[in-house]
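Student: This is the structure, below, for whatever I ask next.
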Amino acid sequence: MLQTSGVIICLGYIFGLLFTAIPWGGVWVLILAIVGAVFLRKRNTPPQPKESIVSKSKATPNIWQSFPHPRAWLVAGLVGLLATFYFQLRSPQPSVKDISQFVPADNVANQEQLFIVRGEVETSPRLTRSQRGQLWLAATQLDEIKNGNGPASVPKGVTGKLYVTLPLLQATGLHPGQEIAVTGILYKPKAASNPGAFDFQKYLKQEGSFAGLIGRQINIVNDENTWGWWQVREQILKSFVESLGIPAGTLVSAMVLGSKAVDLPYDIRDLFVKAGMAHALAASGFQTSLILGVILQLTKRTNKAIQFTLGFLGLMIFLGLSGFQPAVLRAVIMGSAALVGLLLDRKVKQFGSLLLAATLLLLFNPLWIWDLGFQLSFLATLGLIVTVPAITEKLNWLPPAIASLIAVPLAATIWTLPVQLAVFGVVPAYSLLLNMITTPFISVISIGGIMSAIAALASSNLGSILAGVLQYPSDWLIQLVEFFSNLPGNSLVVGSISTWQMLGVYALILLVCLVKWWQKRWWFAGLMIFGLVLVPAWHSANTLFRITVLEAGSEPVVVIQDKGNVTLINSGDEGTGRYTIVPFLQQQGVNKVDWAIASDFDNNDNNAWLEVVQTIPIKNFYKYALKPETNPTNQEIQQAIQKHQGIYQTVVPGQQVVTGLTVAQLIKEKLPVLYLQIQNQTWLLVGDVEPQEIERLAKSGSLPSPQVLWCTPEALKDLIKLFQPKIAIATSTNLEPKIMNELSKNTTQIFLTGRDGAIQWTPNNQFESFIQETENKSSVL
């Protein structure tokens with residue numbers, strides 16, 4: 001498919017895109033290419049005497065002959081340099097008329113500044129975790145509403161892709177091609193405010209969007225019933241659901257069309273992800289191989305032109321149904337290359353085909369280089385091409401079918417695990433075993449699902465009848481995944497590895513693949529990989545002392561990491577545990593929380609402790625009892641803690657809780673005020689309490705003068721004046737300039753979590769804000 005020079009040039013382009021993550025990345029690619037041209041240049045074997053010439057079958061190959069000409073290295077370096085400029089050129093930027101340009105500063109839900117946005121629906125609605133419908137809207141017109149009295153100005157013509165959420169009933173029935181008018185609140189997405197958190201701003205930018213809309217109601221402007229792939233998807237999904245029900249029907253649909261084309265329930269999606277089976281829900285090479293295999297088998301008695309035509313048509317139909325996703329496009333391009341090889345009666349090299357597919361896709365959209373789905377699909381396929389044969393050879397003492405069941409998931413895991421560790425920091429412990437067991441089920445369901453989908457295109461009833469055969473395999477698959485997900489130690493949290501660790505792991509993998517010396521000592525490379533990943537994590541966990549105040553809204557959420565022991569104070573409101581606390585702890589490599597303190601700061605039962613304890617076990621849980629525990633959620637929390645042999649203990653206000661080097665005390669009868677003694681630092685967390693009450697307590701000697709103060713923005717000025725702390729932290733995006741000017745006269749260093757994100761303290765680095773540190777790193781990159 002590609003000659004050696006073509007391979008190195010394609011790799012130069014891909015590495016040029018990857019090197020956009022470091023300063024002067026294109027220049028470094030060019031330098032590496034020059035080094036390759038000098039030290040890895042093609043060397044000609046000197047002529048030998050005739051009598052020493054041996055037959056080609058016995059001649060020892062010269063490894064240097066496999067390297068390209070120096071000119072190819074230099075061209076690859078120049079291509080890599082140009083790729084960095086191309087990446088910047090193609091990076092999406094809002095146009096002058098983009099709807100994000102018209103979002104008012106600090107427009108939030110409680111300000112009630114409403115807009116009417118008119119546009120065309122681009123995608124079918126999907127259900128969010130907050131039980132709202134979500135869709136993409138191509139905006140064309142914007143009307144502003146002021147005080148509920150109608151439009152305040154002439155409607156503006158706008159452009160741009162808008163992320164829209166709607167009440168579920170309002171979103172039901174919408175489909176691509178409709179023109180609608182949505183009334184709601186415009187906003188700009190926020191970047192990640194906490195380590196490990198989801199970067200919503202980055203996600204929207206990758207999708208070419210720079211604004212969102214919290215919709216309240218819609219009006220359908222134009223409902224022309226134009227044909228679209230969404231209708232075919234709905235027909236297939238309907239036939240599966242009618243026969244198999246939910247969730248089996250949606251699961252089979254996702255396994256055939258991909259989870260991005262099907263609105264799969266989050267509980268099933270999370271179950272498969274947790275067990276390391278997310279690939280089963282992604283449309284990619286497995287489906288295309290099945291489609292081509294079935295078509296070529298059915299047309300084996302016809303000529304090659306008919307086989308090529310029908311095979312290519314089948315791939316295009318699959319691409320239209322599953323959506324133009326990077327992983328699907330990669331699989332379709334590789335499948336098309338195989339068909340071309342069949343037509344021309346030439347053998348297609350799989351590695352060259354994969355590299356060509358990646359290059360074409362990244363020429364079309366260079367931003368896909370940072371798409372996680374693209375990365376995992378490319379790496380898994382690369383693993384199947386270069387590693388499966390070697391593993392299968394090592395397992396030649398096993399029956400071929402068994403050896404294949406082991407080799408395929410093992411090879412894919414080897415090549416994708418470093419990226420997963422860098423992004424998530426979690427390893428599904430039973431993933432390899434589960435993949436081996438479930439491969440037959442996945443094959444049967446995929447083959448049966450494709451046949452049922454084809455039948456459903458002709459008749460929904462016929463598709464339902466055929467899909468009924470998949471009831472038991474799909475149910476068994478769900479039960480197997482659920483069983484393994486609930487096994488003790490299913491998720492091993494090792495923490496997110498650095499970019500340099502990830503590159504080191506891949507360097508060792510490549511050495512084993514390319515160098516014979518390392519191939520004979522693959523076990524040594526494996527030990528080095530384990531050491532490269534686990535030793536830094538172990539060292540950090542056993543030496544690190546750090547306090548982190550997470551950006552979590554109106555409640556102070558504090559995480560204290562003390563040389564492997566973790567204390568968590570408060571959990572925030574519902575959603576904070578899932579989206580803030582758990583991702584942070586997993587990024588840090590925290591497998592358990594040693595002590596948890598629930599001070600009930602907001603004095604409500606809408607907390608996130610259940611979200612935390614369902615993912616990360618808590619050994620000791622202290623709950624300040626402010627009122628009788630009648631909320632069933634508290635009972636669920638207690639049961640979840642006791643399930644992992646944890647201790648649930650109720651304490652009264654005024655009682656001290658000692659956790660390692662930390663002493664906590666909720667001030668008696670004056671809520672919410674939490675006193676913390678952490679090593680030699682005194683912290684005071686003050687909630688929605690009148691400053692006069694705090695002043696009275698301070699004068700009576702009930703409150704010590706803190707070195708670190710956390711409080712609401714309304715009380716910040718008075719409490720700084722009262723305590724004069726070294727550090728003050730408030731939950732706000734911005735303060736009024738007048739107040740900031742007054743506060744600047746004090747020596748107190750002020751952090752606003754809404755503006756600065758999480759605030760972290762270590763004995764050496766003092767206090768640092770997460771957003772500022774992230775921006776500093778981004779400016780360097």
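Letters A, B, ... mark the chains of the structure tokens in the order given; residue numbers begin at 1 per chain; ligand numbers begin at 1, in order shown.
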Using only C-alpha atoms, which residues sit within 7 Å of segment 317-332 of chain A once same-chain residues fewer than 6 positions away are excluded, as a PyMOL selection string?

Tutor: chain A and resi 229+233+257-258+261+283-285+288+357-358+373-374+377

Student: Could you give me, as number ranges by chain, the residues within 8 Å of Leu11 of chain A, counting only C-alpha atoms and dropping anything in the same chain fewer than 4 positions from it?

Tutor: A: 7, 15, 76, 355

Student: Would you please extract all helix (DSSP H, G or I) residues from segment 59-270 of chain A, as assigned by DSSP on the backbone, and give them as a PDB file with C-alpha atoms, in the first residue's frame?

Tutor:
```
ATOM      1  CA  ILE A  63      18.554  -4.298   8.079  1.00  0.00           C
ATOM      2  CA  TRP A  64      19.780  -0.906   6.874  1.00  0.00           C
ATOM      3  CA  GLN A  65      18.180  -1.501   3.501  1.00  0.00           C
ATOM      4  CA  SER A  66      14.745  -1.152   5.121  1.00  0.00           C
ATOM      5  CA  PRO A  70      17.879  10.613   3.463  1.00  0.00           C
ATOM      6  CA  ARG A  71      15.754  12.777   1.144  1.00  0.00           C
ATOM      7  CA  ALA A  72      12.648  10.992   2.445  1.00  0.00           C
ATOM      8  CA  TRP A  73      13.644  11.797   6.030  1.00  0.00           C
ATOM      9  CA  LEU A  74      14.114  15.470   5.166  1.00  0.00           C
ATOM     10  CA  VAL A  75      10.798  15.620   3.286  1.00  0.00           C
ATOM     11  CA  ALA A  76       9.102  13.979   6.282  1.00  0.00           C
ATOM     12  CA  GLY A  77      10.601  16.606   8.591  1.00  0.00           C
ATOM     13  CA  LEU A  78       9.383  19.447   6.381  1.00  0.00           C
ATOM     14  CA  VAL A  79       5.932  17.848   6.182  1.00  0.00           C
ATOM     15  CA  GLY A  80       5.876  17.610   9.987  1.00  0.00           C
ATOM     16  CA  LEU A  81       6.829  21.275  10.267  1.00  0.00           C
ATOM     17  CA  LEU A  82       4.062  22.266   7.828  1.00  0.00           C
ATOM     18  CA  ALA A  83       1.603  20.031   9.738  1.00  0.00           C
ATOM     19  CA  THR A  84       1.987  22.192  12.853  1.00  0.00           C
ATOM     20  CA  PHE A  85       1.030  25.295  10.836  1.00  0.00           C
ATOM     21  CA  TYR A  86      -1.833  23.416   9.179  1.00  0.00           C
ATOM     22  CA  PHE A  87      -3.116  22.388  12.601  1.00  0.00           C
ATOM     23  CA  GLN A  88      -3.196  26.006  13.756  1.00  0.00           C
ATOM     24  CA  LEU A  89      -4.850  27.065  10.496  1.00  0.00           C
ATOM     25  CA  ARG A  90      -7.607  24.460  10.890  1.00  0.00           C
ATOM     26  CA  ILE A  99     -23.512  33.251  18.118  1.00  0.00           C
ATOM     27  CA  SER A 100     -20.909  33.070  20.900  1.00  0.00           C
ATOM     28  CA  GLN A 101     -19.991  36.687  20.139  1.00  0.00           C
ATOM     29  CA  PHE A 102     -23.430  37.774  21.365  1.00  0.00           C
ATOM     30  CA  ALA A 109     -29.569  31.083  34.737  1.00  0.00           C
ATOM     31  CA  ASN A 110     -30.470  33.302  37.683  1.00  0.00           C
ATOM     32  CA  GLN A 111     -30.094  36.497  35.639  1.00  0.00           C
ATOM     33  CA  LEU A 168     -37.103  16.050  27.953  1.00  0.00           C
ATOM     34  CA  LEU A 169     -40.705  16.434  26.802  1.00  0.00           C
ATOM     35  CA  GLN A 170     -39.776  19.450  24.671  1.00  0.00           C
ATOM     36  CA  ALA A 171     -36.970  17.512  22.963  1.00  0.00           C
ATOM     37  CA  PHE A 200     -16.449  21.278  28.551  1.00  0.00           C
ATOM     38  CA  GLN A 201     -14.899  24.240  26.743  1.00  0.00           C
ATOM     39  CA  LYS A 202     -12.319  22.031  25.035  1.00  0.00           C
ATOM     40  CA  TYR A 203     -14.989  19.493  24.080  1.00  0.00           C
ATOM     41  CA  LEU A 204     -17.176  22.103  22.397  1.00  0.00           C
ATOM     42  CA  LYS A 205     -14.194  23.610  20.584  1.00  0.00           C
ATOM     43  CA  GLN A 206     -13.295  20.224  19.144  1.00  0.00           C
ATOM     44  CA  TRP A 229     -30.158   8.525   7.813  1.00  0.00           C
ATOM     45  CA  TRP A 230     -31.820   9.200  11.171  1.00  0.00           C
ATOM     46  CA  GLN A 231     -35.035   7.651   9.839  1.00  0.00           C
ATOM     47  CA  VAL A 232     -33.239   4.415   8.967  1.00  0.00           C
ATOM     48  CA  ARG A 233     -31.543   4.349  12.380  1.00  0.00           C
ATOM     49  CA  GLU A 234     -34.876   4.836  14.128  1.00  0.00           C
ATOM     50  CA  GLN A 235     -36.441   2.031  12.136  1.00  0.00           C
ATOM     51  CA  ILE A 236     -33.631  -0.359  13.074  1.00  0.00           C
ATOM     52  CA  LEU A 237     -33.709   0.728  16.726  1.00  0.00           C
ATOM     53  CA  LYS A 238     -37.500   0.380  16.846  1.00  0.00           C
ATOM     54  CA  SER A 239     -37.367  -3.192  15.526  1.00  0.00           C
ATOM     55  CA  PHE A 240     -34.713  -4.163  18.083  1.00  0.00           C
ATOM     56  CA  VAL A 241     -36.502  -2.549  21.032  1.00  0.00           C
ATOM     57  CA  GLU A 242     -39.856  -4.075  20.099  1.00  0.00           C
ATOM     58  CA  SER A 243     -38.322  -7.539  20.133  1.00  0.00           C
ATOM     59  CA  LEU A 244     -35.672  -7.306  22.873  1.00  0.00           C
ATOM     60  CA  ALA A 248     -31.058  -5.272  25.409  1.00  0.00           C
ATOM     61  CA  GLY A 249     -32.585  -3.646  22.309  1.00  0.00           C
ATOM     62  CA  THR A 250     -30.563  -0.455  22.625  1.00  0.00           C
ATOM     63  CA  LEU A 251     -27.439  -2.480  23.460  1.00  0.00           C
ATOM     64  CA  VAL A 252     -27.699  -4.557  20.264  1.00  0.00           C
ATOM     65  CA  SER A 253     -28.352  -1.370  18.272  1.00  0.00           C
ATOM     66  CA  ALA A 254     -25.234   0.221  19.744  1.00  0.00           C
ATOM     67  CA  MET A 255     -23.149  -2.868  18.971  1.00  0.00           C
ATOM     68  CA  VAL A 256     -24.303  -2.732  15.339  1.00  0.00           C
ATOM     69  CA  LEU A 257     -24.360   1.034  14.694  1.00  0.00           C
ATOM     70  CA  TYR A 266     -26.100   5.732  30.802  1.00  0.00           C
ATOM     71  CA  ASP A 267     -26.306   2.858  33.277  1.00  0.00           C
ATOM     72  CA  ILE A 268     -25.469   0.340  30.530  1.00  0.00           C
ATOM     73  CA  ARG A 269     -22.802   2.576  29.023  1.00  0.00           C
ATOM     74  CA  ASP A 270     -21.155   3.140  32.421  1.00  0.00           C
TER      75      ASP A 270
END
```

Student: Could you pull the residues within 7 Å of segment 488-499 of chain A, counting only C-alpha atoms, minus those fewer than 2 positions along the same chain, as a CSV table (one decimal) with N, CA, C and O atoms, in the first residue's frame?

Tutor:
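Result file selection_31.csv:
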```
chain,number,residue,atom,x,y,z
A,421,LEU,N,-4.4,5.2,30.7
A,421,LEU,CA,-3.8,5.7,32.0
A,421,LEU,C,-3.5,7.2,32.0
A,421,LEU,O,-3.7,7.8,33.0
A,422,ALA,N,-3.1,7.7,30.9
A,422,ALA,CA,-2.8,9.1,30.8
A,422,ALA,C,-4.1,10.0,31.0
A,422,ALA,O,-4.1,11.0,31.5
A,423,VAL,N,-5.2,9.5,30.4
A,423,VAL,CA,-6.4,10.2,30.4
A,423,VAL,C,-7.2,10.0,31.7
A,423,VAL,O,-7.7,10.9,32.3
A,424,PHE,N,-7.4,8.7,32.1
A,424,PHE,CA,-8.3,8.3,33.2
A,424,PHE,C,-7.6,7.9,34.4
A,424,PHE,O,-8.1,8.1,35.5
A,425,GLY,N,-6.4,7.3,34.3
A,425,GLY,CA,-5.7,6.8,35.5
A,425,GLY,C,-6.3,5.6,36.2
A,425,GLY,O,-6.0,5.3,37.3
A,426,VAL,N,-7.2,4.8,35.4
A,426,VAL,CA,-7.9,3.7,36.0
A,426,VAL,C,-7.7,2.5,35.1
A,426,VAL,O,-7.7,2.6,33.8
A,427,VAL,N,-7.4,1.3,35.7
A,427,VAL,CA,-7.2,0.1,34.9
A,427,VAL,C,-8.3,-0.9,35.3
A,427,VAL,O,-8.4,-1.3,36.5
A,428,PRO,N,-9.2,-1.4,34.4
A,428,PRO,CA,-10.1,-2.4,34.7
A,428,PRO,C,-9.4,-3.7,34.9
A,428,PRO,O,-8.8,-4.3,33.9
A,429,ALA,N,-9.4,-4.2,36.1
A,429,ALA,CA,-8.5,-5.4,36.4
A,429,ALA,C,-8.9,-6.6,35.7
A,429,ALA,O,-8.0,-7.4,35.3
A,430,TYR,N,-10.2,-6.8,35.4
A,430,TYR,CA,-10.6,-8.1,34.8
A,430,TYR,C,-11.0,-7.9,33.3
A,430,TYR,O,-11.6,-8.8,32.7
A,485,SER,N,-18.1,-6.3,36.8
A,485,SER,CA,-18.0,-5.0,37.3
A,485,SER,C,-18.2,-4.9,38.8
A,485,SER,O,-17.6,-4.0,39.4
A,486,ASN,N,-18.9,-5.8,39.3
A,486,ASN,CA,-19.2,-5.8,40.8
A,486,ASN,C,-18.2,-6.6,41.6
A,486,ASN,O,-18.3,-6.7,42.8
A,501,GLN,N,5.9,9.7,30.8
A,501,GLN,CA,5.8,8.3,31.2
A,501,GLN,C,5.1,7.5,30.0
A,501,GLN,O,5.5,6.4,29.7
A,502,MET,N,4.1,8.1,29.5
A,502,MET,CA,3.4,7.5,28.4
A,502,MET,C,4.3,7.2,27.2
A,502,MET,O,4.3,6.1,26.6
A,503,LEU,N,5.1,8.3,26.8
A,503,LEU,CA,6.0,8.1,25.7
A,503,LEU,C,7.1,7.1,26.0
A,503,LEU,O,7.5,6.3,25.1
A,533,VAL,N,5.5,3.0,35.4
A,533,VAL,CA,4.1,3.5,35.8
A,533,VAL,C,3.9,3.5,37.3
A,533,VAL,O,3.4,4.4,37.9
A,537,ALA,N,4.1,6.5,40.9
A,537,ALA,CA,2.8,6.6,41.6
A,537,ALA,C,3.0,6.2,43.1
A,537,ALA,O,2.4,6.9,44.0
A,586,GLN,N,-9.3,9.9,41.3
A,586,GLN,CA,-8.8,8.9,40.3
A,586,GLN,C,-7.5,9.4,39.6
A,586,GLN,O,-6.6,8.7,39.4
A,587,GLN,N,-7.5,10.7,39.3
A,587,GLN,CA,-6.3,11.3,38.7
A,587,GLN,C,-5.1,11.2,39.6
A,587,GLN,O,-4.0,11.1,39.2
A,588,GLN,N,-5.4,11.4,40.9
A,588,GLN,CA,-4.4,11.3,41.9
A,588,GLN,C,-4.0,9.9,42.3
A,588,GLN,O,-3.1,9.7,43.1
A,589,GLY,N,-4.6,8.9,41.8
A,589,GLY,CA,-4.3,7.5,42.1
A,589,GLY,C,-4.8,7.1,43.5
A,589,GLY,O,-4.3,6.2,44.1
A,590,VAL,N,-5.9,7.7,43.9
A,590,VAL,CA,-6.5,7.4,45.2
A,590,VAL,C,-7.5,6.2,45.1
A,590,VAL,O,-8.5,6.4,44.4
A,591,ASN,N,-7.3,5.1,45.7
A,591,ASN,CA,-8.1,3.9,45.7
A,591,ASN,C,-9.2,3.9,46.8
A,591,ASN,O,-10.1,3.2,46.7
```

Student: Hey, which of A:Ser95, A:Thr747, A:Gln649, A:Asn570 ends up closest to Thr159 of chain A? Count only C-alpha atoms.

Tutor: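 Under the stated criterion, the closest residue is A:Ser95.
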
Student: Mind giving me the straight-line distance from atom CA of Thr4 of chain A to atom CA of Ala33 of chain A in Å, one decimal?

Tutor: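 Between atom CA of Thr4 of chain A and atom CA of Ala33 of chain A the gap works out to 14.6 Å.
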
Student: Counting only C-alpha atoms, which of A:Leu363, A:Leu457, A:Ala37, A:Ile214 gets nearest to Gly133 of chain A?

Tutor: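 Of A:Leu363, A:Leu457, A:Ala37, A:Ile214, the one nearest Gly133 of chain A, counting only C-alpha atoms, is A:Ile214.
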
Student: Within segment 523-731 of chain A, find each residue whose DSSP state, derived from the backbone, is strand (DSSP E), and express the selection as a VMD selection string.

Tutor: chain A and resid 545 to 550 557 to 562 565 to 569 593 to 598 618 to 624 647 to 651 656 to 659 662 to 666 673 to 678 681 to 686 708 to 711 727 to 730

Student: Of the candidates A:Ala525, A:Ile771, A:Leu343, A:Leu367, which one gets nearest to Ile14 of chain A if we count only C-alpha atoms?

Tutor: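 Among the listed residues, the smallest separation from Ile14 of chain A belongs to A:Leu367.
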
Student: Quick one: residues within 9 Å of Gly504 of chain A, only C-alpha atoms counted, chain neighbours fewer than 4 positions away excluded, as number ranges by chain?

Tutor: A: 499-500, 508-509, 529, 532

Student: Leaving out Pro617 of chain A and any residue of its chain fewer than 2 positions from it, which residues lie within 10 Å of it when counting only C-alpha atoms, given as number ranges by chain?

Tutor: A: 591-594, 612-615, 619-620, 640-646

Student: Take the residues that were just selected and, keeping all heavy atoms, output them as a compact mmCIF listing (two decimals), in the first residue's frame.

Tutor:
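Saved result, part33.txt, follows:
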```
# COMPACT_ATOMS: atom_id res chain seq x y z
N ASN A 591 -7.26 5.09 45.73
CA ASN A 591 -8.15 3.93 45.67
C ASN A 591 -9.16 3.91 46.81
O ASN A 591 -10.15 3.18 46.75
CB ASN A 591 -7.33 2.64 45.71
CG ASN A 591 -6.72 2.29 44.37
OD1 ASN A 591 -7.42 1.91 43.46
ND2 ASN A 591 -5.41 2.47 44.25
N LYS A 592 -8.90 4.68 47.86
CA LYS A 592 -9.82 4.69 49.00
C LYS A 592 -9.67 6.02 49.74
O LYS A 592 -8.64 6.70 49.65
CB LYS A 592 -9.51 3.54 49.96
CG LYS A 592 -8.10 3.57 50.52
CD LYS A 592 -7.84 2.44 51.48
CE LYS A 592 -6.39 2.42 51.95
NZ LYS A 592 -5.94 3.67 52.58
N VAL A 593 -10.72 6.38 50.45
CA VAL A 593 -10.70 7.55 51.33
C VAL A 593 -10.62 7.05 52.75
O VAL A 593 -11.47 6.26 53.20
CB VAL A 593 -11.96 8.42 51.12
CG1 VAL A 593 -12.00 9.54 52.15
CG2 VAL A 593 -11.98 8.99 49.71
N ASP A 594 -9.59 7.44 53.47
CA ASP A 594 -9.39 6.94 54.83
C ASP A 594 -10.36 7.58 55.81
O ASP A 594 -10.90 6.90 56.70
CB ASP A 594 -7.95 7.20 55.27
CG ASP A 594 -6.95 6.45 54.41
OD1 ASP A 594 -6.71 5.28 54.68
OD2 ASP A 594 -6.43 7.06 53.44
N VAL A 612 -19.84 9.40 45.62
CA VAL A 612 -18.44 9.13 45.94
C VAL A 612 -18.27 7.69 46.40
O VAL A 612 -17.41 6.95 45.89
CB VAL A 612 -17.92 10.10 47.02
CG1 VAL A 612 -16.49 9.75 47.42
CG2 VAL A 612 -17.98 11.54 46.52
N VAL A 613 -19.07 7.27 47.36
CA VAL A 613 -18.86 5.97 47.99
C VAL A 613 -19.20 4.81 47.05
O VAL A 613 -18.71 3.70 47.22
CB VAL A 613 -19.68 5.88 49.30
CG1 VAL A 613 -21.16 5.67 49.01
CG2 VAL A 613 -19.14 4.78 50.20
N GLN A 614 -20.02 5.06 46.03
CA GLN A 614 -20.31 3.99 45.07
C GLN A 614 -19.13 3.70 44.16
O GLN A 614 -19.07 2.65 43.53
CB GLN A 614 -21.53 4.37 44.23
CG GLN A 614 -22.84 4.28 44.98
CD GLN A 614 -24.03 4.72 44.14
OE1 GLN A 614 -23.89 5.48 43.18
NE2 GLN A 614 -25.21 4.27 44.50
N THR A 615 -18.17 4.62 44.09
CA THR A 615 -16.99 4.44 43.24
C THR A 615 -15.73 4.20 44.04
O THR A 615 -14.91 3.35 43.70
CB THR A 615 -16.80 5.68 42.33
OG1 THR A 615 -18.01 5.94 41.62
CG2 THR A 615 -15.66 5.46 41.34
N LYS A 619 -13.24 4.35 54.45
CA LYS A 619 -12.97 3.53 55.62
C LYS A 619 -13.66 4.08 56.87
O LYS A 619 -14.24 3.32 57.65
CB LYS A 619 -11.46 3.43 55.86
CG LYS A 619 -10.72 2.64 54.79
CD LYS A 619 -9.22 2.60 55.06
CE LYS A 619 -8.91 1.90 56.37
NZ LYS A 619 -7.45 1.80 56.60
N ASN A 620 -13.59 5.39 57.09
CA ASN A 620 -14.18 6.00 58.28
C ASN A 620 -14.99 7.22 57.84
O ASN A 620 -14.44 8.15 57.24
CB ASN A 620 -13.10 6.44 59.27
CG ASN A 620 -12.25 5.27 59.76
OD1 ASN A 620 -12.67 4.52 60.64
ND2 ASN A 620 -11.07 5.10 59.17
N ALA A 640 -23.73 1.54 51.87
CA ALA A 640 -22.63 1.46 50.90
C ALA A 640 -21.28 1.48 51.61
O ALA A 640 -20.35 0.78 51.20
CB ALA A 640 -22.73 2.63 49.91
N ILE A 641 -21.16 2.25 52.67
CA ILE A 641 -19.91 2.31 53.43
C ILE A 641 -19.66 0.98 54.15
O ILE A 641 -18.56 0.43 54.12
CB ILE A 641 -19.94 3.47 54.44
CG1 ILE A 641 -19.89 4.81 53.67
CG2 ILE A 641 -18.77 3.39 55.41
CD1 ILE A 641 -20.13 6.01 54.54
N GLN A 642 -20.69 0.45 54.77
CA GLN A 642 -20.55 -0.80 55.51
C GLN A 642 -20.31 -1.99 54.56
O GLN A 642 -19.70 -2.99 54.96
CB GLN A 642 -21.78 -1.04 56.36
CG GLN A 642 -21.92 -0.03 57.50
CD GLN A 642 -23.23 -0.16 58.25
OE1 GLN A 642 -24.16 -0.85 57.80
NE2 GLN A 642 -23.33 0.51 59.39
N LYS A 643 -20.75 -1.87 53.30
CA LYS A 643 -20.52 -2.92 52.31
C LYS A 643 -19.03 -3.14 52.08
O LYS A 643 -18.60 -4.28 51.82
CB LYS A 643 -21.22 -2.55 51.00
CG LYS A 643 -21.03 -3.56 49.88
CD LYS A 643 -21.72 -3.10 48.61
CE LYS A 643 -21.48 -4.08 47.47
NZ LYS A 643 -22.13 -3.62 46.20
N HIS A 644 -18.25 -2.09 52.20
CA HIS A 644 -16.80 -2.18 52.03
C HIS A 644 -16.07 -2.21 53.38
O HIS A 644 -14.92 -1.80 53.48
CB HIS A 644 -16.30 -1.00 51.20
CG HIS A 644 -16.83 -0.97 49.80
ND1 HIS A 644 -16.35 -1.78 48.81
CD2 HIS A 644 -17.82 -0.22 49.23
CE1 HIS A 644 -17.00 -1.55 47.68
NE2 HIS A 644 -17.89 -0.60 47.91
N GLN A 645 -16.78 -2.69 54.42
CA GLN A 645 -16.23 -2.80 55.76
C GLN A 645 -15.79 -1.45 56.33
O GLN A 645 -14.85 -1.36 57.13
CB GLN A 645 -15.03 -3.77 55.80
CG GLN A 645 -15.40 -5.24 55.68
CD GLN A 645 -15.77 -5.65 54.27
OE1 GLN A 645 -15.05 -5.32 53.33
NE2 GLN A 645 -16.88 -6.34 54.10
N GLY A 646 -16.46 -0.38 55.92
CA GLY A 646 -16.19 0.93 56.46
C GLY A 646 -17.00 1.19 57.72
O GLY A 646 -17.96 0.47 58.03
```

Student: Under the rule that only C-alpha atoms are counted, which of A:Val444, A:Val657, A:Ile727, A:Leu527 is the nearest residue to Leu470 of chain A?

Tutor: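 Checking each of A:Val444, A:Val657, A:Ile727, A:Leu527 against Leu470 of chain A, counting only C-alpha atoms, the winner is A:Val444.
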
Student: Determine the nearest neighbour of Ala401 of chain A from the options A:Met277, A:Arg132, A:Val512, A:Pro440, counting only C-alpha atoms.

Tutor: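 Between A:Met277, A:Arg132, A:Val512, A:Pro440, the residue approaching Ala401 of chain A most closely is A:Pro440.
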
Student: So, with only C-alpha atoms as the atoms that count, which of A:Gly564, A:Pro400, A:Gly687, A:Gly553 lies closest to Thr731 of chain A?

Tutor: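 Counting only C-alpha atoms, the residue closest to Thr731 of chain A is A:Gly553.
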
Student: Please measure the separation of atom CA of Tyr579 of chain A and atom CA of Gln420 of chain A, giving the value in Å to one decimal.

Tutor: 17.9 Å
